[in-house]
There are 2 protein chains.
Amino acid sequence: MPKSPANTARSKRAGSQLTPDAIIDASLRIAARGSEDAFTVRRLGEELGADPTAIYRHFRDKDELLLSVADRTLGEVLDSIPEGLDWKGRIRALADGSLAVALKYPVVGSAMASRTTRRPNEFRVVELILGAVMEAGLEGAEAALHYRMVADSLLAYVGQQAAYFLFDAEARAADESAWTREYRLVDPRALPNITRLSAELAEVTDEQIFETTVGALISAIEQRAETLRGPKRLC
Amino acid sequence: MPKSPANTARSKRAGSQLTPDAIIDASLRIAARGSEDAFTVRRLGEELGADPTAIYRHFRDKDELLLSVADRTLGEVLDSIPEGLDWKGRIRALADGSLAVALKYPVVGSAMASRTTRRPNEFRVVELILGAVMEAGLEGAEAALHYRMVADSLLAYVGQQAAYFLFDAEARAADESAWTREYRLVDPRALPNITRLSAELAEVTDEQIFETTVGALISAIEQRAETLRGPKRLC
DNA sequence: ATGCTGTTGTCAACGGTATTGCGCTGATCG
DNA sequence: CGATCAGCGCAATACCGTTGACAACAGCAT
């Protein structure tokens, strides 16, 4: 075990050309290449010009590295959110930023869809969402519940998109043509709705879907707050 | 290439003790053991009492097997949905059933979160959701869009839950205690909302979150249909 | 009956993955 | 100046999915 670094004037520059930050940078470079370049320990060593196993001097295992990388990207998302937005704007900005960064680094996005990093920037996200739902008018257990709804749904959706994006071009092309091709060949008697809407199904874009989903979450919060605020009448 | 099976009286019983169905059954048995037993080709061979590579005589690769397994479980979910429910009830039944089966076979649920199987039962799901949103009052592109919202959100959420459930007990225990432990140790000045709501955050259950999320999707459909139906006035 | 053909299971092997233990080296510190 | 020790390279390990060669065996035509 190394002693605490930066204790004295230690690790001035030394022979250590490898630092946690440099490794995270290299990881992001690889992750940005999407499915063209697998994110493996060997590939990472190559990118760093070092032996693959050198990474293990700075991270316990690949999982811990991934968590650190994810935290870095989370930070980028948070810093990109402008000041002065209302609660809906902040949630929308978080959602859009998360999706963008997850599609930029799909390996990271897909791997973290079901994880909690427990690192600094994750707490900032929690704080942001909690602040938003409270500004919307929710309190206590209701605020906590709706925070979880937003956080879990967003993370799951974004991770799913990233994983899908990670598929290589061939597989994705096959998947997408399925919407237009196979839906038209289906038995119209057993599946009348699909038959009738096959054209419309093929034209829905991912952006529309994401926008609609985020909108659904936001308006759920809004309605809940309204119900709790004015329980007297509806109209 | 084999000719079409069951053409004549072929494959009466023959030497073939291994059938696609038997392999799917064995896969589900392994998948049901969750994280205690990895779902590998070798383990599958062991479960079948056969050589691991024998599977490749019936499925092109592991991915195709997984798709078939997933389709089987989808069928179970669909068959468990009772007749005579209104559109909200059908969507709720589909959601609850999907979550249940994904937690029963977490490997399958997590692996399929970002896939489309393009197999018979998937079309039945599409048909079901489309029918529901149309019964709610949506048509054409609006129906297609909201179908995608429900399908994608549900699949992503359920897959996320399954992946999380797949973690071995130790990791999950650490994760869960994080909610109660680390949230209390946080800097109250930088993260006031977390500090204030740490108790409530720890008490939110997964069931509540899922129920709230599905409710949000349903009421988004309801509202959209209402807006389109009566565009005259609101009150 | 005999041989042909095609299916199915077995075996050994290959290339890929993450990870670990050992030995060297070179900067830091007493 | 010599001892220490963190950081790195190397070799090896234990898995993983997948493939190709081979043997057993059914059904079919001769």
# chains A, B, ... in the order shown; residues from 1 in each chain; ligands from 1

$ interface_residues --of "chain C" --to "chain A" --cutoff "10 Å" --atoms "only C-alpha atoms (C1' of nucleotides)" --output "PyMOL selection string"
chain C and resi 17-20+25-28

$ interface_residues --of "chain B" --to "chain A" --cutoff "8 Å" --atoms "only C-alpha atoms" --output "PyMOL selection string"
chain B and resi 113-116+118+123-124+126-127+130-131+140-141+144-146+148-149+152-153+156-157+159-161+163-164+175+178+191-194+197+200-201+204+208-210+212-213+216-217+219-220+235

$ interface_residues --of "chain D" --to "chain B" --cutoff "8 Å" --atoms "only C-alpha atoms (C1' of nucleotides)" --output "PyMOL selection string"
chain D and resi 16-17+25-26

$ select_by_dssp --residues "range 1-233 of chain B" --states "alpha helix (DSSP H)" --output "NGL selection string"
:B and (20-32 or 41-48 or 62-79 or 87-104 or 106-111 or 120-135 or 140-166 or 169-180 or 192-203 or 206-229)

$ closest_residue --among "D:DA29, D:DA21, D:DA14, D:DC8" --to "DG23 in chain C" --atoms "only C-alpha atoms (C1' of nucleotides)"
D:DC8

$ atom_distance --atom1 "C1' of DT13 in chain D" --atom2 "CA of Gly49 in chain A"
24.2 Å

$ atom_distance --atom1 "CA of Arg92 in chain A" --atom2 "CA of Arg92 in chain B"
26.5 Å

$ closest_residue --among "D:DA6, D:DC22, D:DC15, D:DC28" --to "DG6 in chain C" --atoms "only C-alpha atoms (C1' of nucleotides)"
D:DC28
